$ cat protein.cif   # mmCIF, C-alpha atoms
data_my_file
#
loop_
_atom_site.group_PDB
_atom_site.id
_atom_site.type_symbol
_atom_site.label_atom_id
_atom_site.label_comp_id
_atom_site.auth_asym_id
_atom_site.auth_seq_id
_atom_site.Cartn_x
_atom_site.Cartn_y
_atom_site.Cartn_z
ATOM 1 C CA MET O 27 0.234 28.261 -2.184
ATOM 2 C CA VAL O 28 1.784 28.007 1.267
ATOM 3 C CA LYS O 29 -0.108 29.249 4.313
ATOM 4 C CA LYS O 30 0.856 29.120 7.974
ATOM 5 C CA VAL O 31 -1.724 27.234 10.062
ATOM 6 C CA THR O 32 -1.972 27.232 13.861
ATOM 7 C CA VAL O 33 -2.934 24.061 15.713
ATOM 8 C CA ARG O 34 -5.344 24.553 18.646
ATOM 9 C CA GLN O 35 -6.805 22.411 21.404
ATOM 10 C CA THR O 36 -10.469 21.465 20.747
ATOM 11 C CA GLY O 37 -11.815 19.362 23.591
ATOM 12 C CA THR O 38 -9.610 16.266 23.719
ATOM 13 C CA SER O 39 -8.511 16.676 20.093
ATOM 14 C CA ILE O 40 -6.484 19.255 18.222
ATOM 15 C CA SER O 41 -7.608 21.168 15.155
ATOM 16 C CA ALA O 42 -6.144 23.356 12.446
ATOM 17 C CA THR O 43 -8.063 26.054 10.612
ATOM 18 C CA ILE O 44 -7.839 26.287 6.829
ATOM 19 C CA PRO O 45 -7.687 29.924 5.663
ATOM 20 C CA ARG O 46 -10.968 31.065 4.093
ATOM 21 C CA GLU O 47 -9.500 32.005 0.691
ATOM 22 C CA MET O 48 -7.798 28.604 0.424
ATOM 23 C CA ALA O 49 -10.995 26.753 1.434
ATOM 24 C CA GLU O 50 -13.018 28.731 -1.123
ATOM 25 C CA ARG O 51 -10.522 28.078 -3.919
ATOM 26 C CA LEU O 52 -10.471 24.349 -3.094
ATOM 27 C CA HIS O 53 -14.280 24.220 -2.677
ATOM 28 C CA ILE O 54 -14.024 22.964 0.910
ATOM 29 C CA GLY O 55 -17.016 23.783 3.090
ATOM 30 C CA VAL O 56 -18.431 23.106 6.522
ATOM 31 C CA GLY O 57 -19.371 19.439 6.863
ATOM 32 C CA ASP O 58 -17.102 18.222 4.036
ATOM 33 C CA THR O 59 -15.016 15.133 4.719
ATOM 34 C CA LEU O 60 -11.253 15.303 4.273
ATOM 35 C CA TYR O 61 -8.839 12.401 4.656
ATOM 36 C CA ALA O 62 -5.521 12.913 6.460
ATOM 37 C CA ILE O 63 -2.855 10.688 4.939
ATOM 38 C CA GLU O 64 0.606 10.386 6.464
ATOM 39 C CA THR O 65 3.344 10.710 3.842
ATOM 40 C CA GLU O 66 7.123 10.809 4.097
ATOM 41 C CA ARG O 67 6.927 14.612 3.699
ATOM 42 C CA GLY O 68 4.195 15.177 6.301
ATOM 43 C CA VAL O 69 0.399 15.077 6.302
ATOM 44 C CA LEU O 70 -1.687 15.298 3.129
ATOM 45 C CA LEU O 71 -5.296 16.478 3.454
ATOM 46 C CA THR O 72 -7.432 15.330 0.552
ATOM 47 C CA PRO O 73 -11.147 15.010 -0.217
ATOM 48 C CA TYR O 74 -10.428 11.731 -2.043
ATOM 49 C CA ASP O 75 -10.895 8.508 -0.120
ATOM 50 C CA PRO O 76 -7.819 6.370 -0.932
ATOM 51 C CA ASP O 77 -9.870 3.153 -0.670
ATOM 52 C CA VAL O 78 -12.370 4.411 -3.259
ATOM 53 C CA ALA O 79 -9.493 5.502 -5.503
ATOM 54 C CA GLU O 80 -8.071 1.950 -5.394
ATOM 55 C CA GLU O 81 -11.477 0.469 -6.201
ATOM 56 C CA LEU O 82 -11.949 2.846 -9.149
ATOM 57 C CA GLU O 83 -8.539 1.922 -10.517
ATOM 58 C CA ALA O 84 -9.439 -1.778 -10.253
ATOM 59 C CA TYR O 85 -12.696 -1.081 -12.123
ATOM 60 C CA ARG O 86 -10.827 0.794 -14.873
ATOM 61 C CA HIS O 87 -8.469 -2.148 -15.286
ATOM 62 C CA VAL O 88 -11.347 -4.638 -15.595
ATOM 63 C CA ALA O 89 -13.331 -2.290 -17.859
ATOM 64 C CA ARG O 90 -10.410 -2.079 -20.299
ATOM 65 C CA GLN O 91 -10.030 -5.848 -20.438
ATOM 66 C CA CYS O 92 -13.746 -6.700 -20.577
ATOM 67 C CA ARG O 93 -15.029 -3.798 -22.687
ATOM 68 C CA ASN O 94 -17.111 -5.944 -25.057
ATOM 69 C CA ALA O 95 -18.678 -8.024 -22.284
ATOM 70 C CA LEU O 96 -19.641 -4.867 -20.355
ATOM 71 C CA ARG O 97 -21.259 -3.420 -23.497
ATOM 72 C CA GLU O 98 -23.346 -6.547 -23.925
ATOM 73 C CA LEU O 99 -24.406 -6.496 -20.288
ATOM 74 C CA ALA O 100 -25.432 -2.843 -20.622
ATOM 75 C CA LYS O 101 -27.888 -3.753 -23.392
#

$ encode --input "protein.cif" --output "structure tokens"
Amino acid sequence: MVKKVTVRQTGTSISATIPREMAERLHIGVGDTLYAIETERGVLLTPYDPDVAEELEAYRHVARQCRNALRELAK
């Protein structure tokens, strides 16, 4: 879905308003944290912290390799 968004001055910053129907569909609410990531195509707003995503991928890699050891530790 493509929506036109207007950028406005808010104090010394600028802000953009996400249309209500889009925010509801994406389960974005007041107080939620979004991360703005610069990409070659523009700005990506995401609720996923890229640092946490990297850490989870590292865990998955270790968990695959050390499956038996992790099972023993869980006991």

$ atom_distance --input "protein.cif" --atom1 "atom CA of Asp75 of chain O" --atom2 "atom CA of Ala62 of chain O"
9.6 Å

$ closest_residue --input "protein.cif" --among "O:His87, O:Lys29, O:Lys101, O:Arg93" --to "Met48 of chain O" --atoms "all atoms listed in the file"
O:Lys29

$ atom_distance --input "protein.cif" --atom1 "atom CA of Asp77 of chain O" --atom2 "atom CA of Val31 of chain O"
27.6 Å

$ resolve_selection --input "protein.cif" --expression "the PyMOL selection byres ((chain O and resi 73) around 7)" --output "PDB file with C-alpha atoms, in the coordinates of the input"
ATOM      1  CA  THR O  59     -15.016  15.133   4.719  1.00  0.00           C
ATOM      2  CA  LEU O  60     -11.253  15.303   4.273  1.00  0.00           C
ATOM      3  CA  TYR O  61      -8.839  12.401   4.656  1.00  0.00           C
ATOM      4  CA  THR O  72      -7.432  15.330   0.552  1.00  0.00           C
ATOM      5  CA  TYR O  74     -10.428  11.731  -2.043  1.00  0.00           C
ATOM      6  CA  ASP O  75     -10.895   8.508  -0.120  1.00  0.00           C
TER       7      ASP O  75
END

$ atom_distance --input "protein.cif" --atom1 "atom CA of Val78 of chain O" --atom2 "atom CA of Glu50 of chain O"
24.4 Å

$ residues_around --input "protein.cif" --residues "segment 42-46 of chain O" --least-positions-apart "3" --cutoff "10 Å" --atoms "only C-alpha atoms" --output "PDB file with C-alpha atoms, in the frame of the given file"
ATOM      1  CA  LYS O  29      -0.108  29.249   4.313  1.00  0.00           C
ATOM      2  CA  LYS O  30       0.856  29.120   7.974  1.00  0.00           C
ATOM      3  CA  VAL O  31      -1.724  27.234  10.062  1.00  0.00           C
ATOM      4  CA  THR O  32      -1.972  27.232  13.861  1.00  0.00           C
ATOM      5  CA  VAL O  33      -2.934  24.061  15.713  1.00  0.00           C
ATOM      6  CA  ARG O  34      -5.344  24.553  18.646  1.00  0.00           C
ATOM      7  CA  GLN O  35      -6.805  22.411  21.404  1.00  0.00           C
ATOM      8  CA  THR O  36     -10.469  21.465  20.747  1.00  0.00           C
ATOM      9  CA  ALA O  49     -10.995  26.753   1.434  1.00  0.00           C
ATOM     10  CA  GLU O  50     -13.018  28.731  -1.123  1.00  0.00           C
ATOM     11  CA  ARG O  51     -10.522  28.078  -3.919  1.00  0.00           C
ATOM     12  CA  LEU O  52     -10.471  24.349  -3.094  1.00  0.00           C
ATOM     13  CA  ILE O  54     -14.024  22.964   0.910  1.00  0.00           C
ATOM     14  CA  GLY O  55     -17.016  23.783   3.090  1.00  0.00           C
TER      15      GLY O  55
END
